[in-house]
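**Student:** First the structure, which I've put down as structure tokens, then a few questions once you've had a look.
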Amino acid sequence: MAIQNEVRGEPAPGSSLKNPTYPSNCLTFLNPSTPTPAQSTHVRLKIIIVGAGLGGLATAIALASSGHTVTIYEQAPELGEVGAGIQIPSNSTRLLSRLGLDPYLEKCVTEPETISFRRWESGRVIGLTQLIPNFRETYRAPYYVIHRANFHTALYRRAVDLGVTVKLAARVTEYDVARTGILLESGDSVQADLVVAADGVKSVARQLVENGPAIEQTGFAAYRATVDVARIRADPEISWLLERPNLNIWIGDQRHVMTYTIGAGKSFNMVLSHPDDTDPSTWDQTTALSDMQREFQGWDTRLQKIIGMIEKTIKWPLVSCTPLTRWTTGRIVILGDAAHAMLPYMSQGAAMAVEDGVALARSLSRINNAQDIPHALSIFEKVRMDRAGKMQEASLLNGKLWHFADGPLQRARDKAMEPETRGEPFSHSPNQWSDPATQMWAYHYDAEVEIDRAWEKDARRCCL
Ligand SMILES: Cc1cc2nc3c(=O)[nH]c(=O)nc-3n(C[C@H](O)[C@H](O)[C@H](O)COP(=O)(O)OP(=O)(O)OC[C@H]3O[C@@H](n4cnc5c(N)ncnc54)[C@H](O)[C@@H]3O)c2cc1C
């Protein structure tokens, strides 16, 4: 509304009010909390996406919804996802809903009520985030957990229904920046108006865009596993964990265990994070079960009991990428883990990829001809590097906040979370799901609104 008035030469309502220099949301009422409906795309582009992971598929859906012709090239002969559960936070569900995913997701998502932080040795609740009704009501979008395979299938089906072509067993070996194309292992080459590389943590395209920092070990690894809920339900000492669909996270010295149920309550998902800076190529997966049990010896006996029920696990390196200074070269752009691999401690890696895809489609919807693609990419890149870089930082911080050894820092942290566990008002919390400022920044964020704002700012700058 404000922008339309500016275009007609009238001052926008509230335009005399400058954003304060201090952190404040007092002027949020002036900005639309939902973006204006997507403008129909002025120019229909031929777009190649490399990688059919969660990021590549979400991007394909966003671009195809805007009217572009999208083909995904995926190296794997079959589609699939490693690991069991994944959280879909409100900043992502809001966008997925707009992309028409609700009917594809509704039967397989679970909406947890709370996130409980528990003391490592006793399981006592030391931090508590109320997701229902707070997140739905405050951020107008639910917070879900889901089986990764279900999430992936939902995205794939939606993409195909929108006319996206997915080519499997199609490994990209080279990128051609000058001709905006790719070379496939088969020897075929393909050109397009734009190439989006969503090729994950081991991205080849990342080196093309910025020949600098690659993926780094974080010093942490995670065991990923599921437990049959029937076994948990049969044991009265731990069956309470299934009474409500909640997230529970035990935190202690350098380690934590995140748990929640997925698959309509049929499977208990666990991610067990622990320190390990050794080379993953030297890991022996055959001893992973006993290694995992040893890592959590002395922890809450109820947690150890559940760990004892795990029949198989994989040990996974937790890597992250130093924030890059560019995500684009020519008409080639990287996004998702390729651009911003991060520790999974904010549960936001895939959510950032969904935001990336939606933001890219939104930025491209502003251009009138293919010559303007680089400009749309530069606005996309600026907005997304800032957001994803901050989420990487927040994830790293959780890796410190959750992992204090018992002592003064741990006691101060736990004391600061006490009000939220008692349902009392609080102004700050070391639990970043609860901390009011972090919560607003993480979950209220609307990738489309932010792109619109960046374009408006750019237009004002050009008019000066
Ligand atoms: C333990 C753990 C827990 C997590 N929990 C959460 C969570 O709760 N919430 C959340 O939002 N995120 C979470 N994440 C992060 C999330 O899993 C990732 O951020 C997300 O899956 C990245 O998606 P992507 O599409 O960018 O990359 P990927 O999923 O890695 O997909 C890349 C795709 O590109 C393909 N590819 C690669 N190279 C080529 C090539 N040369 N040619 C063709 N195809 C190619 C690959 O085969 C693959 O299919 C977690 C991560 C971990 C490790």
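In the structure tokens, chains take the letters A, B, ... in the order shown, each chain's residues start at 1, and ligands count up from 1 in the order shown.
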Please find the residues contacting ligand 1 at a distance of at most 7 Å between atoms, with only C-alpha atoms and all ligand atoms counted, and report them as an mmCIF file with C-alpha atoms, in the first residue's frame.
**Tutor:**
```cif
data_model
loop_
_atom_site.group_PDB
_atom_site.id
_atom_site.type_symbol
_atom_site.label_atom_id
_atom_site.label_comp_id
_atom_site.auth_asym_id
_atom_site.auth_seq_id
_atom_site.Cartn_x
_atom_site.Cartn_y
_atom_site.Cartn_z
ATOM 1 C CA VAL A 50 21.265 -28.674 -9.741
ATOM 2 C CA GLY A 51 20.229 -30.935 -6.843
ATOM 3 C CA ALA A 52 16.850 -32.340 -5.809
ATOM 4 C CA GLY A 53 17.366 -32.033 -2.048
ATOM 5 C CA LEU A 54 14.929 -30.101 0.116
ATOM 6 C CA GLY A 55 16.479 -26.821 -1.074
ATOM 7 C CA GLY A 56 16.444 -27.610 -4.793
ATOM 8 C CA TYR A 73 19.317 -32.319 -12.511
ATOM 9 C CA GLU A 74 19.973 -34.746 -9.633
ATOM 10 C CA GLN A 75 22.988 -37.046 -9.499
ATOM 11 C CA ALA A 76 21.286 -39.791 -7.478
ATOM 12 C CA ILE A 86 13.318 -32.675 10.637
ATOM 13 C CA GLN A 87 11.757 -29.618 12.223
ATOM 14 C CA ILE A 88 9.937 -27.157 9.986
ATOM 15 C CA ALA A 170 22.136 -36.695 -14.005
ATOM 16 C CA ARG A 171 25.398 -35.650 -12.381
ATOM 17 C CA VAL A 172 26.661 -32.187 -13.223
ATOM 18 C CA THR A 173 30.420 -32.205 -13.751
ATOM 19 C CA ALA A 198 21.440 -26.385 -4.711
ATOM 20 C CA ASP A 199 24.104 -29.077 -4.583
ATOM 21 C CA GLY A 200 24.514 -29.330 -0.817
ATOM 22 C CA VAL A 201 27.470 -29.219 1.569
ATOM 23 C CA LYS A 202 29.880 -30.760 -0.919
ATOM 24 C CA SER A 203 28.918 -28.177 -3.543
ATOM 25 C CA VAL A 204 31.128 -27.952 -6.597
ATOM 26 C CA ALA A 222 25.838 -36.453 15.601
ATOM 27 C CA ARG A 224 21.069 -40.007 14.048
ATOM 28 C CA VAL A 271 19.874 -36.663 17.209
ATOM 29 C CA TRP A 316 27.227 -37.865 10.867
ATOM 30 C CA LEU A 318 28.394 -31.653 11.554
ATOM 31 C CA LEU A 335 21.695 -21.546 -2.317
ATOM 32 C CA GLY A 336 20.785 -23.945 0.483
ATOM 33 C CA ASP A 337 23.608 -25.839 2.206
ATOM 34 C CA ALA A 338 25.852 -25.068 -0.763
ATOM 35 C CA ALA A 341 25.844 -25.005 5.605
ATOM 36 C CA PRO A 344 21.741 -27.867 12.975
ATOM 37 C CA SER A 347 16.926 -26.408 13.284
ATOM 38 C CA GLN A 348 16.972 -23.903 10.442
ATOM 39 C CA GLY A 349 19.247 -25.268 7.655
ATOM 40 C CA ALA A 350 16.463 -26.507 5.390
ATOM 41 C CA ALA A 351 14.248 -23.605 6.470
ATOM 42 C CA MET A 352 16.927 -21.221 5.174
ATOM 43 C CA ALA A 353 16.925 -23.130 1.870
#
```
**Student:** Write down as a count of residues only the residues of stretch 127-353 of chain A whose backbone DSSP state falls under alpha helix (DSSP H).
**Tutor:** 56
**Student:** Just checking: using only C-alpha atoms, which residue out of A:Glu237, A:Glu174, A:Asp253, A:Asp277 ends up closest to A:Thr301?
**Tutor:**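 Among A:Glu237, A:Glu174, A:Asp253, A:Asp277, it is A:Glu237 that comes nearest to A:Thr301.
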**Student:** Between A:Trp402, A:His340, A:Glu113, A:Met385, which is the closest to A:Asp414 once you count only C-alpha atoms?
**Tutor:**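 Using only C-alpha atoms, the shortest distance to A:Asp414 belongs to A:Trp402.
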**Student:** Given only C-alpha atoms as the basis, pick out the residue of A:Ser290, A:Ser65, A:Ser273, A:Asn398 nearest to A:Val160.
**Tutor:** A:Ser65
**Student:** Counting only C-alpha atoms, figure out which residue out of A:Leu30, A:Thr278, A:Leu396, A:Thr180 gets nearest to A:Leu17.
**Tutor:** A:Leu30
**Student:** Using 12 Å as the limit and counting only C-alpha atoms, can you tabulate each residue of stretch 101-125 of chain A that touches stretch 427-431 of chain A, with its shortest atom-to-atom distance in Å and the two atoms involved, as a tab-separated table?
**Tutor:**
```
residue	atom	partner	partner_atom	distance
A:Ile115	CA	A:Asn431	CA	10.0
A:Ser116	CA	A:Asn431	CA	10.0
A:Phe117	CA	A:Asn431	CA	8.3
A:Arg118	CA	A:Asn431	CA	11.6
```
**Student:** Just checking: using only C-alpha atoms, which residue out of A:Ile262, A:Val145, A:Ala447, A:Ile47 ends up closest to A:Val354?
**Tutor:** A:Ala447
**Student:** List every residue of stretch 159-372 of chain A that DSSP, applied to the backbone of this structure, assigns to strand (DSSP E), and report them as a PyMOL selection string.
**Tutor:** chain A and resi 165-167+172-176+181-184+189-191+194-197+215-228+247-252+255-262+267-275+314-321+328-329+332-334
**Student:** What gap, in Å, lies between atom CA of A:Trp433 and atom CA of A:Ala359?
**Tutor:**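 Those two atoms sit 23.6 Å apart.
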